[in-house]
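Engineer: What follows is upload-v4.cif; its format and atoms are mmCIF, C-alpha atoms.
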```cif
data_structure
#
loop_
_atom_site.label_atom_id
_atom_site.label_comp_id
_atom_site.auth_asym_id
_atom_site.auth_seq_id
_atom_site.Cartn_x
_atom_site.Cartn_y
_atom_site.Cartn_z
CA MET A 1 -14.30 7.49 -4.50
CA ALA A 2 -11.53 5.49 -2.79
CA ILE A 3 -7.90 5.10 -3.87
CA ASP A 4 -5.22 2.72 -2.65
CA LEU A 5 -2.16 4.69 -3.75
CA GLY A 6 0.47 1.99 -3.48
CA THR A 7 4.15 1.85 -4.38
CA ALA A 8 3.60 -1.14 -6.66
CA SER A 9 0.02 -0.61 -7.86
CA VAL A 10 -2.96 1.74 -7.67
CA LEU A 11 -6.50 0.47 -7.05
CA VAL A 12 -9.54 2.69 -7.53
CA TYR A 13 -13.02 2.10 -6.12
CA VAL A 14 -16.03 4.03 -7.45
CA GLU A 15 -19.36 3.97 -5.66
CA ASP A 16 -21.97 1.77 -7.39
CA LYS A 17 -19.22 0.33 -9.63
CA GLY A 18 -16.85 -1.38 -7.21
CA ILE A 19 -13.13 -1.76 -7.92
CA CYS A 20 -12.93 -0.42 -11.45
CA LEU A 21 -9.17 0.00 -11.86
CA GLU A 22 -6.04 -1.87 -10.80
CA GLU A 23 -2.84 -0.82 -12.55
CA PRO A 24 0.90 -0.62 -11.74
CA SER A 25 2.23 2.63 -10.26
CA VAL A 26 4.53 3.25 -13.22
CA ILE A 27 4.83 6.02 -15.80
CA ALA A 28 6.96 6.23 -18.95
CA LYS A 29 8.46 9.65 -19.64
CA ASP A 30 10.46 11.19 -22.49
CA THR A 31 13.47 12.88 -20.86
CA LEU A 32 14.02 15.19 -23.84
CA THR A 33 10.54 16.70 -23.99
CA GLY A 34 9.29 15.88 -20.47
CA LYS A 35 6.16 14.36 -22.02
CA ILE A 36 4.37 11.46 -20.30
CA LEU A 37 4.24 8.67 -22.89
CA SER A 38 2.26 6.02 -21.01
CA VAL A 39 0.89 5.21 -17.56
CA GLY A 40 0.08 2.02 -15.66
CA LYS A 41 0.03 -1.30 -17.51
CA ASP A 42 1.37 0.17 -20.75
CA ALA A 43 4.29 1.78 -18.90
CA LYS A 44 5.13 -1.39 -16.96
CA LYS A 45 5.43 -3.36 -20.21
CA ILE A 46 8.44 -1.25 -21.17
CA LEU A 47 10.03 -1.20 -17.68
CA GLY A 48 13.68 -2.13 -18.23
CA ARG A 49 13.26 -2.12 -22.03
CA THR A 50 13.26 1.59 -22.83
CA PRO A 51 15.63 3.45 -25.20
CA GLY A 52 18.00 6.12 -23.87
CA ASN A 53 15.59 9.07 -23.98
CA VAL A 54 12.65 7.20 -22.39
CA ILE A 55 12.56 6.27 -18.71
CA ALA A 56 9.98 4.13 -16.92
CA LEU A 57 9.80 5.20 -13.28
CA LYS A 58 7.77 4.63 -10.13
CA PRO A 59 6.54 7.98 -8.72
CA LEU A 60 6.02 6.51 -5.24
CA LYS A 61 8.68 5.08 -2.96
CA ASP A 62 8.19 3.43 0.45
CA GLY A 63 4.48 4.24 0.27
CA VAL A 64 4.88 8.02 -0.16
CA ILE A 65 5.40 10.43 -3.07
CA ALA A 66 8.95 10.50 -4.45
CA ASP A 67 8.16 12.44 -7.67
CA PHE A 68 5.35 14.97 -7.14
CA ASN A 69 4.71 15.92 -10.79
CA ALA A 70 4.75 12.31 -11.97
CA THR A 71 2.31 11.31 -9.20
CA GLU A 72 -0.01 14.17 -10.16
CA GLU A 73 -0.01 13.10 -13.83
CA MET A 74 -0.57 9.47 -12.86
CA LEU A 75 -3.54 10.39 -10.66
CA LYS A 76 -5.04 12.54 -13.44
CA TYR A 77 -4.84 9.58 -15.81
CA PHE A 78 -6.38 7.11 -13.36
CA LEU A 79 -9.18 9.51 -12.34
CA LYS A 80 -10.06 10.19 -15.97
CA LYS A 81 -10.02 6.48 -16.80
CA SER A 82 -12.18 5.57 -13.77
CA LEU A 83 -14.78 8.33 -14.13
CA ASN A 84 -15.30 8.08 -17.90
CA LYS A 85 -15.28 11.84 -18.60
CA SER A 86 -17.62 12.75 -15.73
CA LEU A 87 -18.29 16.50 -15.39
CA PHE A 88 -18.21 16.34 -11.58
CA LYS A 89 -15.06 16.52 -9.51
CA PRO A 90 -14.95 13.53 -7.15
CA ASP A 91 -14.40 13.45 -3.39
CA LEU A 92 -11.44 11.17 -2.68
CA LEU A 93 -10.48 9.04 0.31
CA ILE A 94 -6.83 7.98 -0.03
CA CYS A 95 -4.90 5.63 2.24
CA VAL A 96 -1.39 6.50 3.47
CA PRO A 97 1.22 4.62 5.58
CA SER A 98 0.68 4.93 9.33
CA LYS A 99 4.09 6.61 9.81
CA ALA A 100 3.71 9.14 6.98
CA THR A 101 4.82 12.61 8.08
CA GLN A 102 2.63 15.70 7.85
CA ILE A 103 4.70 16.90 4.87
CA GLU A 104 4.19 13.57 3.09
CA LYS A 105 0.45 13.68 3.80
CA ARG A 106 0.21 17.24 2.49
CA ALA A 107 1.98 16.15 -0.69
CA VAL A 108 -0.69 13.47 -1.26
CA LEU A 109 -3.49 15.97 -0.61
CA GLN A 110 -1.96 18.56 -2.97
CA ALA A 111 -1.29 16.04 -5.76
CA ALA A 112 -4.87 14.74 -5.57
CA GLU A 113 -6.35 18.26 -5.62
CA ASN A 114 -4.16 19.24 -8.59
CA ALA A 115 -5.26 16.05 -10.36
CA GLY A 116 -8.89 17.20 -10.24
CA ALA A 117 -10.37 16.08 -6.91
CA HIS A 118 -13.04 18.16 -5.17
CA ARG A 119 -12.25 17.27 -1.57
CA VAL A 120 -9.54 14.88 -0.36
CA TYR A 121 -9.40 12.89 2.87
CA LEU A 122 -6.77 10.48 4.19
CA ILE A 123 -7.00 7.20 6.11
CA ASP A 124 -4.19 5.14 7.66
CA GLU A 125 -3.44 1.98 5.68
CA PRO A 126 -3.54 -0.44 8.67
CA LEU A 127 -6.99 0.85 9.66
CA ALA A 128 -8.26 0.46 6.08
CA ALA A 129 -6.69 -3.01 5.88
CA ALA A 130 -8.40 -4.07 9.11
CA ILE A 131 -11.80 -2.90 7.83
CA GLY A 132 -11.19 -4.68 4.51
CA ALA A 133 -10.26 -7.90 6.33
CA ASP A 134 -13.70 -7.86 8.03
CA ILE A 135 -12.25 -7.10 11.46
CA ASP A 136 -14.60 -5.30 13.83
CA ILE A 137 -12.39 -2.30 14.57
CA THR A 138 -14.96 -0.86 17.02
CA ASP A 139 -14.45 -3.81 19.39
CA GLU A 140 -12.63 -3.01 22.65
CA LYS A 141 -10.44 -6.08 22.20
CA GLY A 142 -7.22 -5.74 20.25
CA ASN A 143 -6.47 -6.97 16.73
CA MET A 144 -3.11 -6.92 14.96
CA VAL A 145 -2.86 -6.28 11.23
CA ILE A 146 0.29 -6.58 9.13
CA ASP A 147 -0.22 -4.94 5.74
CA ILE A 148 2.64 -5.88 3.42
CA GLY A 149 2.55 -3.61 0.40
CA GLY A 150 4.94 -2.88 -2.43
CA GLY A 151 6.96 -0.19 -0.60
CA THR A 152 6.35 -0.65 3.12
CA SER A 153 4.95 -3.05 5.69
CA ASP A 154 2.55 -1.45 8.16
CA ILE A 155 2.14 -3.21 11.50
CA ALA A 156 -0.62 -2.00 13.82
CA VAL A 157 -2.73 -2.95 16.81
CA VAL A 158 -6.30 -1.70 16.39
CA SER A 159 -8.90 -1.27 19.14
CA MET A 160 -12.09 0.79 19.53
CA GLY A 161 -11.82 2.26 16.05
CA GLN A 162 -8.28 3.59 16.47
CA ILE A 163 -4.68 2.54 16.00
CA VAL A 164 -3.21 1.95 19.47
CA THR A 165 0.39 1.19 18.47
CA SER A 166 1.93 0.94 15.01
CA ASP A 167 5.13 0.87 13.02
CA SER A 168 5.95 1.17 9.33
CA ILE A 169 9.08 -0.62 8.10
CA GLU A 170 10.76 -0.49 4.69
CA ILE A 171 10.52 -4.25 4.08
CA SER A 172 7.98 -5.04 1.40
CA GLY A 173 7.17 -6.81 -1.83
CA ASP A 174 9.87 -4.79 -3.62
CA THR A 175 12.38 -5.90 -0.98
CA PHE A 176 11.56 -9.55 -1.68
CA ASP A 177 12.01 -8.94 -5.43
CA ASN A 178 15.44 -7.41 -4.79
CA ASP A 179 16.40 -10.33 -2.54
CA ILE A 180 15.69 -12.74 -5.40
CA LYS A 181 17.60 -10.58 -7.91
CA ASP A 182 20.62 -10.34 -5.60
CA HIS A 183 20.63 -14.07 -4.87
CA ILE A 184 20.60 -15.00 -8.56
CA ARG A 185 23.33 -12.46 -9.33
CA ASN A 186 25.59 -13.62 -6.49
CA ARG A 187 25.08 -17.38 -6.77
CA TYR A 188 24.57 -17.87 -10.52
CA ARG A 189 26.35 -14.75 -11.86
CA MET A 190 23.23 -13.90 -13.85
CA LEU A 191 21.24 -10.68 -14.14
CA ILE A 192 17.43 -10.51 -14.22
CA GLY A 193 15.02 -7.55 -14.24
CA GLU A 194 12.45 -6.39 -11.70
CA SER A 195 9.53 -7.95 -13.58
CA SER A 196 11.29 -11.33 -13.77
CA ALA A 197 12.05 -11.28 -10.04
CA GLU A 198 8.42 -10.48 -9.29
CA MET A 199 7.22 -13.37 -11.46
CA ILE A 200 9.59 -15.78 -9.66
CA LYS A 201 8.20 -14.61 -6.31
CA ILE A 202 4.60 -15.14 -7.47
CA LYS A 203 5.31 -18.59 -8.92
CA ALA A 204 7.07 -19.63 -5.70
CA GLN A 205 3.95 -18.81 -3.67
CA GLU A 206 2.05 -21.62 -5.38
CA ALA A 207 4.93 -24.11 -5.70
CA ASP A 208 6.15 -26.91 -3.45
CA TYR A 209 9.49 -26.55 -1.66
CA THR A 210 10.88 -29.44 -3.75
CA ASP A 211 9.95 -27.77 -7.05
CA SER A 212 12.20 -25.63 -9.26
CA ILE A 213 11.35 -22.52 -11.28
CA GLU A 214 12.80 -21.75 -14.70
CA VAL A 215 14.66 -18.43 -14.79
CA VAL A 216 16.03 -16.74 -17.92
CA GLY A 217 18.53 -13.89 -17.73
CA ARG A 218 21.89 -12.55 -18.91
CA LEU A 219 25.23 -13.86 -17.69
CA ILE A 220 27.57 -11.28 -16.14
CA GLU A 221 30.76 -12.78 -17.61
CA ASP A 222 29.96 -12.82 -21.34
CA GLY A 223 26.59 -11.05 -21.57
CA LEU A 224 24.92 -14.03 -23.23
CA PRO A 225 21.33 -15.14 -22.45
CA SER A 226 21.16 -18.10 -20.07
CA ARG A 227 18.63 -20.35 -18.33
CA ILE A 228 18.72 -21.86 -14.84
CA TYR A 229 16.29 -23.86 -12.71
CA LEU A 230 16.00 -22.23 -9.30
CA PRO A 231 14.91 -24.49 -6.37
CA VAL A 232 11.95 -23.09 -4.39
CA GLY A 233 13.73 -23.95 -1.14
CA GLU A 234 16.58 -21.69 -2.23
CA ILE A 235 14.13 -18.85 -2.86
CA TYR A 236 12.77 -19.20 0.69
CA SER A 237 16.31 -19.10 2.11
CA CYS A 238 17.11 -15.83 0.33
CA LEU A 239 13.82 -14.26 1.54
CA LEU A 240 14.32 -15.34 5.16
CA PRO A 241 16.44 -12.36 6.38
CA SER A 242 13.80 -9.88 5.16
CA ILE A 243 10.97 -11.98 6.66
CA ASP A 244 12.79 -11.95 10.00
CA LYS A 245 13.04 -8.14 9.84
CA ILE A 246 9.23 -7.98 9.55
CA ILE A 247 9.01 -10.29 12.60
CA ASN A 248 11.35 -7.95 14.52
CA GLY A 249 9.02 -5.09 13.61
CA VAL A 250 6.08 -7.09 14.99
CA LYS A 251 8.03 -7.68 18.22
CA ASN A 252 8.69 -3.93 18.56
CA VAL A 253 4.97 -3.19 18.20
CA LEU A 254 4.09 -5.92 20.73
CA GLU A 255 6.51 -4.38 23.24
CA GLN A 256 4.61 -1.07 22.99
CA THR A 257 1.17 -2.71 23.22
CA PRO A 258 -0.74 -2.55 26.55
CA PRO A 259 -0.73 -5.98 28.27
CA GLU A 260 -4.49 -6.50 28.04
CA LEU A 261 -4.48 -5.92 24.28
CA ALA A 262 -1.38 -8.10 23.84
CA ALA A 263 -3.28 -10.95 25.52
CA ASP A 264 -6.12 -10.47 23.00
CA LEU A 265 -3.66 -10.95 20.13
CA TYR A 266 -2.65 -14.40 21.38
CA GLU A 267 -6.33 -15.29 21.46
CA ARG A 268 -7.32 -13.75 18.11
CA GLY A 269 -4.13 -14.14 16.08
CA ILE A 270 -2.47 -11.87 13.53
CA PHE A 271 -4.09 -10.90 10.23
CA LEU A 272 -1.94 -10.57 7.10
CA THR A 273 -3.09 -8.28 4.28
CA GLY A 274 -1.55 -6.76 1.15
CA GLY A 275 0.02 -8.44 -1.87
CA GLY A 276 3.04 -9.53 0.20
CA ALA A 277 0.84 -11.54 2.58
CA LEU A 278 1.13 -14.54 0.25
CA THR A 279 4.95 -14.47 0.19
CA LEU A 280 6.52 -17.91 0.36
CA GLY A 281 6.82 -19.13 3.98
CA LEU A 282 5.92 -15.76 5.57
CA ALA A 283 2.85 -16.80 7.58
CA LYS A 284 4.50 -20.05 8.75
CA ARG A 285 7.67 -18.26 9.85
CA ILE A 286 5.75 -15.65 11.90
CA ASN A 287 3.79 -18.44 13.58
CA GLU A 288 6.96 -20.37 14.41
CA ARG A 289 8.85 -17.37 15.82
CA LEU A 290 6.02 -15.72 17.79
CA GLN A 291 3.81 -18.72 18.60
CA ILE A 292 0.72 -16.74 17.52
CA ASP A 293 -1.84 -17.94 14.98
CA VAL A 294 -1.46 -16.17 11.65
CA LYS A 295 -4.41 -15.71 9.30
CA ILE A 296 -4.15 -14.54 5.70
CA ALA A 297 -7.16 -12.35 4.89
CA GLN A 298 -9.41 -13.27 1.99
CA ASP A 299 -8.25 -11.46 -1.17
CA PRO A 300 -5.37 -9.80 0.74
CA ARG A 301 -4.40 -7.57 -2.23
CA GLU A 302 -7.83 -5.90 -2.10
CA CYS A 303 -8.18 -5.48 1.68
CA VAL A 304 -6.89 -1.89 1.78
CA ILE A 305 -9.06 -0.65 -1.10
CA LYS A 306 -12.13 -2.47 0.25
CA GLY A 307 -11.58 -0.99 3.69
CA THR A 308 -11.04 2.48 2.23
CA ALA A 309 -14.25 2.07 0.20
CA ASN A 310 -16.20 1.02 3.32
CA ALA A 311 -14.87 4.09 5.11
CA LEU A 312 -16.30 6.42 2.42
CA THR A 313 -19.41 6.83 4.58
CA TRP A 314 -17.20 8.66 7.08
CA ILE A 315 -16.80 11.54 4.63
CA ASP A 316 -20.49 12.43 4.89
CA ASN A 317 -20.33 12.22 8.70
CA ILE A 318 -17.23 14.44 8.75
CA ASP A 319 -18.95 17.01 6.53
CA GLU A 320 -22.09 16.96 8.72
CA GLU A 321 -19.96 17.55 11.82
CA LYS A 322 -18.13 20.41 10.06
CA ASN A 323 -21.41 22.00 8.98
CA GLU A 324 -22.84 21.73 12.51
CA SER A 325 -19.63 23.21 13.94
CA MET A 326 -19.73 26.10 11.44
CA LYS A 327 -23.42 26.76 12.25
CA ALA A 328 -22.64 26.78 15.98
CA LYS A 329 -19.76 29.23 15.45
CA GLN A 330 -21.99 31.45 13.29
CA LYS A 331 -24.62 31.55 16.02
CA GLN A 332 -21.99 32.50 18.58
CA LEU A 333 -20.73 35.30 16.36
CA GLU A 334 -24.29 36.58 15.82
CA LYS A 335 -24.93 36.45 19.56
CA LYS A 336 -21.73 38.40 20.29
CA GLU A 337 -22.66 40.97 17.64
CA LYS A 338 -26.10 41.48 19.23
CA MET A 339 -24.52 41.89 22.67
CA ARG A 340 -22.05 44.42 21.27
CA ARG A 341 -24.82 46.50 19.70
CA ARG A 342 -26.69 46.65 23.01
#
```
Give the structure from this file in structure tokens form.

Structural biologist:
Amino acid sequence: MAIDLGTASVLVYVEDKGICLEEPSVIAKDTLTGKILSVGKDAKKILGRTPGNVIALKPLKDGVIADFNATEEMLKYFLKKSLNKSLFKPDLLICVPSKATQIEKRAVLQAAENAGAHRVYLIDEPLAAAIGADIDITDEKGNMVIDIGGGTSDIAVVSMGQIVTSDSIEISGDTFDNDIKDHIRNRYRMLIGESSAEMIKIKAQEADYTDSIEVVGRLIEDGLPSRIYLPVGEIYSCLLPSIDKIINGVKNVLEQTPPELAADLYERGIFLTGGGALTLGLAKRINERLQIDVKIAQDPRECVIKGTANALTWIDNIDEEKNESMKAKQKQLEKKEKMRRR
């Protein structure tokens, strides 16, 4: 079983079923009783609309666990929903950001085990994204992947089945949403919620630069509902500083990349994955600034979960290697014991 445990959404892959769950990483909690009221889609519906004693929160921040107990409860819910009351505890392969610390990785392992997993393994997000984008990661030539998720953007150069150089920056889909919210507040003196900002970003991806998008919110001055028509070109302008920060992150990774692999990147291009890959003007801007071809992977939102699912076969290989290692150690111990008795 594979899980893409993202800041914005969680995707679950079950063998022989495929991707059977895709829901927001949100839970609704009663602050008075501590009870979890809803998880996923149901919780996101009430995000920003809850009464005083109910909070809708995101248990993950910047790709790692921010609220351990909430993450554990969320995983329990998603596992139960995906497995349909199965009696067997599943083995899990979960992806984590490339720059996650050992403490952050242990938190993911512990939360998954507490949620009901049998054995838990981790895989770096850029590696999973590369596999999901149909890149041959075993090739000796280099490939660059930029995985733009909800909490972080992972930039990595992959060669011979390993990450050669990588960086994880806190510019992501949530950052773009906040850029849109801030722009509307500062320019139009109007407040909108997270969900509205996300919808504007999604609509802008499919719109022409000359189009405008209808936005409804609340005016700061008098608190009354209001409507504006936001030009798509204006949306691109407000996203540009964050896009350029991603490009600076790419430059930093390129500076650390061996020359031979860097030359491969100019030949093969850069692959964009994750939900943020479709952000308005992102691919074009990277191409203009770096003069490298940029390719958006097919179904970029699903690249990480597909790659994690394809890597499930590694679990069996890992277990076989462990069993062989344990058998070898047992034989050595038996041999030493026989020698001692002599």

Engineer: Could you list, as number ranges by chain, every residue within 6 Å of range 118-126 of chain A, counting all atoms listed in the file and ignoring same-chain residues fewer than 5 positions away?

Structural biologist: A: 89-98

Engineer: Between range 151-248 of chain A and range 281-288 of chain A, at 7 Å or less, what are the per-residue closest atom pairs and their distances in Å? Count all atoms listed in the file, order by chain and rising residue number, and return it as JSON lines.

Structural biologist:
```
{"residue": "A:Tyr236", "atom": "CA", "partner": "A:Gly281", "partner_atom": "CA", "distance": 6.8}
{"residue": "A:Ile243", "atom": "CA", "partner": "A:Leu282", "partner_atom": "CA", "distance": 6.4}
{"residue": "A:Ile247", "atom": "CA", "partner": "A:Ile286", "partner_atom": "CA", "distance": 6.3}
```

Engineer: Taking the file above as input, evaluate the PyMOL selection byres ((chain A and resi 207) around 12) and report the hits as an mmCIF file with C-alpha atoms, keeping the file's coordinate frame.

Structural biologist:
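Now in part_27.cif:
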```cif
data_model
loop_
_atom_site.group_PDB
_atom_site.id
_atom_site.type_symbol
_atom_site.label_atom_id
_atom_site.label_comp_id
_atom_site.auth_asym_id
_atom_site.auth_seq_id
_atom_site.Cartn_x
_atom_site.Cartn_y
_atom_site.Cartn_z
ATOM 1 C CA ILE A 200 9.590 -15.780 -9.660
ATOM 2 C CA LYS A 201 8.200 -14.610 -6.310
ATOM 3 C CA ILE A 202 4.600 -15.140 -7.470
ATOM 4 C CA LYS A 203 5.310 -18.590 -8.920
ATOM 5 C CA ALA A 204 7.070 -19.630 -5.700
ATOM 6 C CA GLN A 205 3.950 -18.810 -3.670
ATOM 7 C CA GLU A 206 2.050 -21.620 -5.380
ATOM 8 C CA ASP A 208 6.150 -26.910 -3.450
ATOM 9 C CA TYR A 209 9.490 -26.550 -1.660
ATOM 10 C CA THR A 210 10.880 -29.440 -3.750
ATOM 11 C CA ASP A 211 9.950 -27.770 -7.050
ATOM 12 C CA SER A 212 12.200 -25.630 -9.260
ATOM 13 C CA ILE A 213 11.350 -22.520 -11.280
ATOM 14 C CA LEU A 230 16.000 -22.230 -9.300
ATOM 15 C CA PRO A 231 14.910 -24.490 -6.370
ATOM 16 C CA VAL A 232 11.950 -23.090 -4.390
ATOM 17 C CA GLY A 233 13.730 -23.950 -1.140
ATOM 18 C CA ILE A 235 14.130 -18.850 -2.860
ATOM 19 C CA TYR A 236 12.770 -19.200 0.690
ATOM 20 C CA LEU A 278 1.130 -14.540 0.250
ATOM 21 C CA THR A 279 4.950 -14.470 0.190
ATOM 22 C CA LEU A 280 6.520 -17.910 0.360
ATOM 23 C CA GLY A 281 6.820 -19.130 3.980
#
```

Engineer: Have a look at CA of Asn53 in chain A and CA of Leu37 in chain A and let me know their distance in Å, one decimal.

Structural biologist: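 Computing it gives 11.4 Å between the two atoms.
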
Engineer: Measuring atom to atom with all atoms listed in the file, identify which of A:Arg268, A:Arg218, A:Lys41, A:Lys35 is nearest to Ile55 in chain A.

Structural biologist: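 Looking at the shortest contact to Ile55 in chain A, the residue is A:Lys35.
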
Engineer: On this file, the PyMOL selection byres ((chain A and resi 133) around 12) gives some set of residues; write that set as a PyMOL selection string.

Structural biologist: chain A and resi 126-132+134-137+143-147+270-274+295-308+310

Engineer: What would the file look like if the residues just selected were written as a CSV table (one decimal), in the frame of the given file with C-alpha atoms?

Structural biologist:
```csv
chain,number,residue,atom,x,y,z
A,126,PRO,CA,-3.5,-0.4,8.7
A,127,LEU,CA,-7.0,0.8,9.7
A,128,ALA,CA,-8.3,0.5,6.1
A,129,ALA,CA,-6.7,-3.0,5.9
A,130,ALA,CA,-8.4,-4.1,9.1
A,131,ILE,CA,-11.8,-2.9,7.8
A,132,GLY,CA,-11.2,-4.7,4.5
A,134,ASP,CA,-13.7,-7.9,8.0
A,135,ILE,CA,-12.2,-7.1,11.5
A,136,ASP,CA,-14.6,-5.3,13.8
A,137,ILE,CA,-12.4,-2.3,14.6
A,143,ASN,CA,-6.5,-7.0,16.7
A,144,MET,CA,-3.1,-6.9,15.0
A,145,VAL,CA,-2.9,-6.3,11.2
A,146,ILE,CA,0.3,-6.6,9.1
A,147,ASP,CA,-0.2,-4.9,5.7
A,270,ILE,CA,-2.5,-11.9,13.5
A,271,PHE,CA,-4.1,-10.9,10.2
A,272,LEU,CA,-1.9,-10.6,7.1
A,273,THR,CA,-3.1,-8.3,4.3
A,274,GLY,CA,-1.6,-6.8,1.2
A,295,LYS,CA,-4.4,-15.7,9.3
A,296,ILE,CA,-4.2,-14.5,5.7
A,297,ALA,CA,-7.2,-12.4,4.9
A,298,GLN,CA,-9.4,-13.3,2.0
A,299,ASP,CA,-8.2,-11.5,-1.2
A,300,PRO,CA,-5.4,-9.8,0.7
A,301,ARG,CA,-4.4,-7.6,-2.2
A,302,GLU,CA,-7.8,-5.9,-2.1
A,303,CYS,CA,-8.2,-5.5,1.7
A,304,VAL,CA,-6.9,-1.9,1.8
A,305,ILE,CA,-9.1,-0.6,-1.1
A,306,LYS,CA,-12.1,-2.5,0.2
A,307,GLY,CA,-11.6,-1.0,3.7
A,308,THR,CA,-11.0,2.5,2.2
A,310,ASN,CA,-16.2,1.0,3.3
```

Engineer: Nearest residue to Ala111 in chain A out of A:Ser153, A:Leu5, A:Lys58, A:Ser196, using all atoms listed in the file?

Structural biologist: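 Answer, going by the shortest atom-to-atom distance: A:Leu5.
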
Engineer: As a check of understanding, name the residues that the PyMOL selection byres ((chain A and resi 36) around 12) selects in the supplied structure, as a list in words.

Structural biologist: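 Selected by the PyMOL selection byres ((chain A and resi 36) around 12) in this file: Val26, Ile27, Ala28, Lys29, Asp30, Thr31, Leu32, Thr33, Gly34, Lys35, Leu37, Ser38, Val39, Gly40, Asp42, Ala43, Val54, Ile55, Ala56, Leu57, Asn69, Ala70, Thr71, Glu72, Glu73, Met74, Lys76 and Tyr77 of chain A.
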
Engineer: Report, in Å with one decimal, the straight-line distance from CA of Lys181 in chain A to CA of Ala197 in chain A.

Structural biologist: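 Pair CA of Lys181 in chain A / CA of Ala197 in chain A returns 6.0 Å.
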
Engineer: Do you know which residues lie at most 6 Å from (12.1, -21.6, -15.1), with coordinates as in the file and all atoms listed in the file counted, and could you write them as a PyMOL selection string?

Structural biologist: chain A and resi 213-215+229

Engineer: Looking at all atoms listed in the file, which of A:Leu224, A:Met339, A:Ala309, A:Ala100 is the one that sits closest to Ile19 in chain A?

Structural biologist: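 Among the listed residues, the smallest separation from Ile19 in chain A belongs to A:Ala309.
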
Engineer: CA of Arg289 in chain A and CA of Pro259 in chain A, how far apart in Å?

Structural biologist: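 Straight-line distance from CA of Pro259 in chain A to CA of Arg289 in chain A works out to 19.4 Å.
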
Engineer: With distances taken over only C-alpha atoms, which of A:Lys61, A:Lys44, A:Lys80, A:Arg106 is nearest to Thr175 in chain A?

Structural biologist: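 Answer, going by the shortest atom-to-atom distance: A:Lys61.
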
Engineer: The centre and edge lengths of an axis-aligned box containing all atoms of range 235-241 of chain A present in the file, extended by 6 Å on each side, are to be given in Å to one decimal, as JSON.

Structural biologist:
```
{"center_x": 14.9, "center_y": -15.8, "center_z": 1.8, "size_x": 16.3, "size_y": 18.8, "size_z": 21.2}
```

Engineer: Would you pick out the contacts of Gly142 in chain A at 10 Å or less, using all atoms listed in the file, so that residues sharing its chain but fewer than 2 positions from it are not included, and give the list as an NGL selection string?

Structural biologist: :A and (136-140 or 144 or 156-160 or 163-164 or 257-258 or 260-269)

Engineer: Using all atoms listed in the file, find the one residue out of A:Phe176, A:Pro51, A:Arg187, A:Leu219 that sits nearest to Asp244 in chain A.

Structural biologist: A:Phe176

Engineer: For Gly223 in chain A, list every protein, DNA or RNA residue within 12 Å, evaluated using only C-alpha atoms, and leave out those in the same chain fewer than 3 positions away; present the list as a ChimeraX atom specification.

Structural biologist: /A:189-192,217-220,226
